[in-house]
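S.K.: Sharing a structure below in structure tokens format, with a few things to ask.
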Amino acid sequence: MLTKEENELLTRVGPGTAMGDLLRRYWHPVAMARELTTEQPTKFVRILGEDLVLFRDKSGHVGLIADHCAHRSASLYYGRVEERGIACAYHGWLYDTEGRCLETPAEPADSKFHLTVRITAYPVRRFVGMYWAYMGPLPAPEIPRYDVWARQDGIRKLAMYPRLDASWLQAMENSVDPAHLQVLHQEFTGRGRTPPGTTRGFTDDVAGFKFYEVPYGIIKKRTYANGKMDEHPLIFPNILRQGNATQIRVPMDDTHTNIFFVYFLPVANGANGHVALEDEDPEVIDVAPFKDPPNALHPFTRFTLDAVLAQDHMAWETQGPIVDRSHERLATSDRGIAMYRDILRREIDKIQEGGDPLAVVRDPQHAIIETFLTESLAEGWFDPARRDGGQPRPREALARA
Ligand code: FES
Ligand SMILES: [Fe+2]
């Protein structure tokens, strides 16, 4: 159970909040690289409570700047891209990727007024087919080379999952909640078997689970009654590494979350041709909505429940836009959640004391970070392109969410 104040601390992500400051110490994907085209060179981005516009100018530079023009606030999403930046559609104020104003067309020719104008701008990098943003204090750290993102002996695929209309923390707490798998997902975990009862589902398949901390997050280790074992991490602070994928949960604001999947698919006898991670252009899978109508909230929508992630979205959204944790009744099976919250608070304290938080990587030459991907691949893996009726078909590995 948390007090109202503790719940606010862990869930508020806007500028100036403690958790918002912590999340700003990491790179986050904001768009698939394919989304920016010559015909559509801008994308509206809401991230960590800030409204921004991602754009690619005619010189190929990509920027992420404030949505509202400094002049009189029209949206730069509708701006015209030029060689040197993006010009506001309203009166033509021109901005570069650093947020500097280069021109104010209606001012006198010798005016230096534009030199006084600057808008918010964040560094952007292209990596594994997505644009990533860093919104924290400079210098920016590196994007960590986790195995799923950096291994070269296969290919990657990307998927944009339906927007989660709930707090990012509800998705993340689920990642250290192994007990739900055998109950919520019992139609998928049974692999054709019938559970002894729908209340217990396949709970009796599991002998026990443990959690332990590593330099990039929390490992969740599940031991099955038949002797099998499964370990995979919550990558701090907002990623689940499971099966052959990472699920990156990027808060749009306190009550909406974008979910980017990166899949690694081993290739039998080869590699990806060693395309640089900055140049990769993986296939992007669009996943159909998990609820109908797709933009409504519980109870004015109905979830499909026909895929593991659809069931998860049902659980996370019906908890409420921000679950009231002053009413919860944590039990022994929730000890991973308690541990994760403790680490979040500890890392908030760490940055307030001037340190780098858990999983921040500074060395540009760092080695690939192993997250048990090899072990997960041995269990079978999921190809998101193999779909049926517009939904991914979970294979065994995916069902172990
Ligand atoms: S509002 Fe953007 S130039 Fe006037
Ligand atoms: Fe789940």
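Here, A, B, ... name the chains of the structure tokens in the order displayed, residue numbers run from 1 inside each chain, and ligands are numbered from 1 in the same displayed order.
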Taking the backbone alone, and naming residues the way the document does, which bits of region 137-300 of chain A are alpha helix (DSSP H) by DSSP, as a list of chain:residue names?

M.R.: A:Asp147, A:Val148, A:Trp149, A:Ala150, A:Trp168, A:Leu169, A:Gln170, A:Ala171, A:Met172, A:Glu173, A:Asn174, A:Leu181, A:Gln182, A:Val183, A:Leu184, A:Gln186, A:Glu187, A:Phe188, A:Thr189

S.K.: Hey, which residues sit close to ligand 2? Say within 10 Å, counting only C-alpha atoms and all ligand atoms, and write them as a list of chain:residue names.

M.R.: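 Here is the list of contacting residues: A:Ala171, A:Asn174, A:Ser175, A:Val176, A:Asp177, A:Pro178, A:Ala179, A:His180, A:Leu181, A:Gln182, A:Val183, A:Leu184, A:His185, A:Ala307, A:Val308, A:Leu309, A:Ala310, A:Gln311, A:Asp312, A:His313, A:Ala315, A:Trp316, A:Leu398, A:Ala399, A:Arg400, A:Ala401.
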
S.K.: Smallest atom-to-atom distance to ligand 1: which of A:Tyr78, A:Trp132, A:Phe44, A:Tyr90, using only C-alpha atoms and all ligand atoms?

M.R.: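 Looking only at the distances to ligand 1, the closest residue turns out to be A:Tyr90.
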
S.K.: Counting only C-alpha atoms and all ligand atoms, which residues of chain A fall within 6 Å of ligand 1, and what is the closest atom pair for each with its distance in Å at one decimal, ordered by chain and rising number, as CSV?

M.R.:
residue,atom,partner,partner_atom_place_in_ligand_line,distance
A:Cys69,CA,ligand 1,2 (Fe),4.6
A:His71,CA,ligand 1,1 (S),4.6
A:Arg72,CA,ligand 1,1 (S),3.9
A:Ser73,CA,ligand 1,1 (S),4.9
A:Ala74,CA,ligand 1,1 (S),4.5
A:Cys88,CA,ligand 1,2 (Fe),4.6
A:Tyr90,CA,ligand 1,4 (Fe),4.9
A:His91,CA,ligand 1,3 (S),3.7
A:Gly92,CA,ligand 1,3 (S),4.8
A:Trp93,CA,ligand 1,3 (S),4.4

S.K.: Atoms to include: C-alpha atoms. Write the selected residues as a JSON list (two decimals), in the first residue's frame.

M.R.:
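This went into result38.json:
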[["chain", "number", "residue", "atom", "x", "y", "z"],
["A", 69, "CYS", "CA", 5.61, 28.18, -31.94],
["A", 71, "HIS", "CA", 5.42, 33.61, -31.65],
["A", 72, "ARG", "CA", 1.75, 32.98, -30.94],
["A", 73, "SER", "CA", 1.63, 29.24, -30.33],
["A", 74, "ALA", "CA", 0.40, 27.66, -33.57],
["A", 88, "CYS", "CA", 5.69, 27.74, -38.70],
["A", 90, "TYR", "CA", 1.15, 30.75, -39.48],
["A", 91, "HIS", "CA", 3.77, 33.54, -39.98],
["A", 92, "GLY", "CA", 6.81, 31.59, -41.11],
["A", 93, "TRP", "CA", 9.09, 31.75, -38.10]]

S.K.: As a JSON list (two decimals) with C-alpha atoms, in the first residue's frame, please: the residues near Thr374 (chain A) (cut-off 10 Å, only C-alpha atoms, same-chain neighbours under 2 positions excluded).

M.R.:
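result-v4.json written:
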[["chain", "number", "residue", "atom", "x", "y", "z"],
["A", 147, "ASP", "CA", 21.34, -7.95, -26.95],
["A", 148, "VAL", "CA", 17.87, -7.65, -28.52],
["A", 243, "GLY", "CA", 10.74, -13.92, -25.22],
["A", 244, "ASN", "CA", 12.65, -12.49, -28.17],
["A", 266, "PRO", "CA", 17.83, -15.21, -35.29],
["A", 370, "GLU", "CA", 23.37, -9.80, -22.26],
["A", 371, "THR", "CA", 19.83, -10.07, -20.93],
["A", 372, "PHE", "CA", 19.30, -13.85, -21.16],
["A", 376, "SER", "CA", 14.99, -17.22, -24.23],
["A", 377, "LEU", "CA", 15.63, -18.01, -27.91],
["A", 378, "ALA", "CA", 16.30, -21.65, -27.00],
["A", 379, "GLU", "CA", 12.72, -21.82, -25.77]]

S.K.: Within 8 Å of region 26-28 of chain A, counting only C-alpha atoms, which residues qualify if same-chain residues fewer than 3 places away don't, as a ChimeraX atom specification?

M.R.: /A:22-23,132-136,141-143,250,360

S.K.: Please produce a file of the residues just selected, as a compact mmCIF listing (two decimals), in the first residue's frame, where the atoms kept are N, CA and C atoms.

M.R.:
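Saved file out-v2.txt follows:
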# COMPACT_ATOMS: atom_id res chain seq x y z
N LEU A 22 13.70 11.41 -13.24
CA LEU A 22 14.39 10.11 -13.37
C LEU A 22 14.23 9.56 -14.80
N LEU A 23 13.01 9.59 -15.31
CA LEU A 23 12.78 9.03 -16.66
C LEU A 23 13.51 9.84 -17.73
N TRP A 132 14.91 8.09 -31.35
CA TRP A 132 14.96 8.12 -29.90
C TRP A 132 15.25 9.54 -29.44
N ALA A 133 14.69 9.90 -28.31
CA ALA A 133 14.90 11.25 -27.76
C ALA A 133 15.50 11.15 -26.38
N TYR A 134 16.29 12.16 -26.05
CA TYR A 134 16.85 12.28 -24.70
C TYR A 134 16.47 13.65 -24.16
N MET A 135 15.80 13.69 -23.01
CA MET A 135 15.23 14.93 -22.49
C MET A 135 15.85 15.37 -21.18
N GLY A 136 16.97 14.75 -20.81
CA GLY A 136 17.58 15.05 -19.52
C GLY A 136 18.75 16.01 -19.63
N PRO A 141 23.73 10.31 -22.10
CA PRO A 141 24.41 9.01 -22.06
C PRO A 141 24.25 8.30 -23.40
N GLU A 142 24.66 7.04 -23.45
CA GLU A 142 24.49 6.23 -24.66
C GLU A 142 23.15 5.51 -24.64
N ILE A 143 22.68 5.08 -25.81
CA ILE A 143 21.58 4.12 -25.86
C ILE A 143 22.21 2.75 -25.60
N VAL A 250 6.72 3.85 -22.99
CA VAL A 250 7.12 5.26 -22.94
C VAL A 250 5.92 6.10 -22.50
N VAL A 360 22.08 3.43 -16.64
CA VAL A 360 22.61 4.47 -17.55
C VAL A 360 24.02 4.07 -17.97

S.K.: With only C-alpha atoms as the counted atoms, please give the residues lying no more than 6 Å from Leu2 (chain A), apart from itself and same-chain residues fewer than 3 positions off, as a PyMOL selection string.

M.R.: chain A and resi 6-7+325-326

S.K.: Just to be explicit: take each residue in the selection above, keep N, CA and C atoms, and write the result as a PDB file, in the first residue's frame.

M.R.:
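Output file part27.pdb follows:
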ATOM      1  N   GLU A   6       2.967   9.106  -1.919  1.00  0.00           N
ATOM      2  CA  GLU A   6       3.928   8.165  -2.518  1.00  0.00           C
ATOM      3  C   GLU A   6       3.473   7.746  -3.914  1.00  0.00           C
ATOM      4  N   ASN A   7       2.167   7.570  -4.055  1.00  0.00           N
ATOM      5  CA  ASN A   7       1.638   7.197  -5.368  1.00  0.00           C
ATOM      6  C   ASN A   7       1.889   8.316  -6.382  1.00  0.00           C
ATOM      7  N   ARG A 325      -3.287   3.363  -5.193  1.00  0.00           N
ATOM      8  CA  ARG A 325      -2.535   2.337  -4.452  1.00  0.00           C
ATOM      9  C   ARG A 325      -2.753   2.437  -2.941  1.00  0.00           C
ATOM     10  N   SER A 326      -3.530   3.427  -2.500  1.00  0.00           N
ATOM     11  CA  SER A 326      -3.821   3.473  -1.064  1.00  0.00           C
ATOM     12  C   SER A 326      -4.862   2.416  -0.689  1.00  0.00           C
TER      13      SER A 326
END

S.K.: Identify, on the basis of only C-alpha atoms, every residue whose closest approach to Arg46 (chain A) does not exceed 8 Å; exclude the query and any residue fewer than 5 positions from it along the same chain; express the result as JSON, numbers by chain.

M.R.: {"A": [51, 52, 252, 253]}
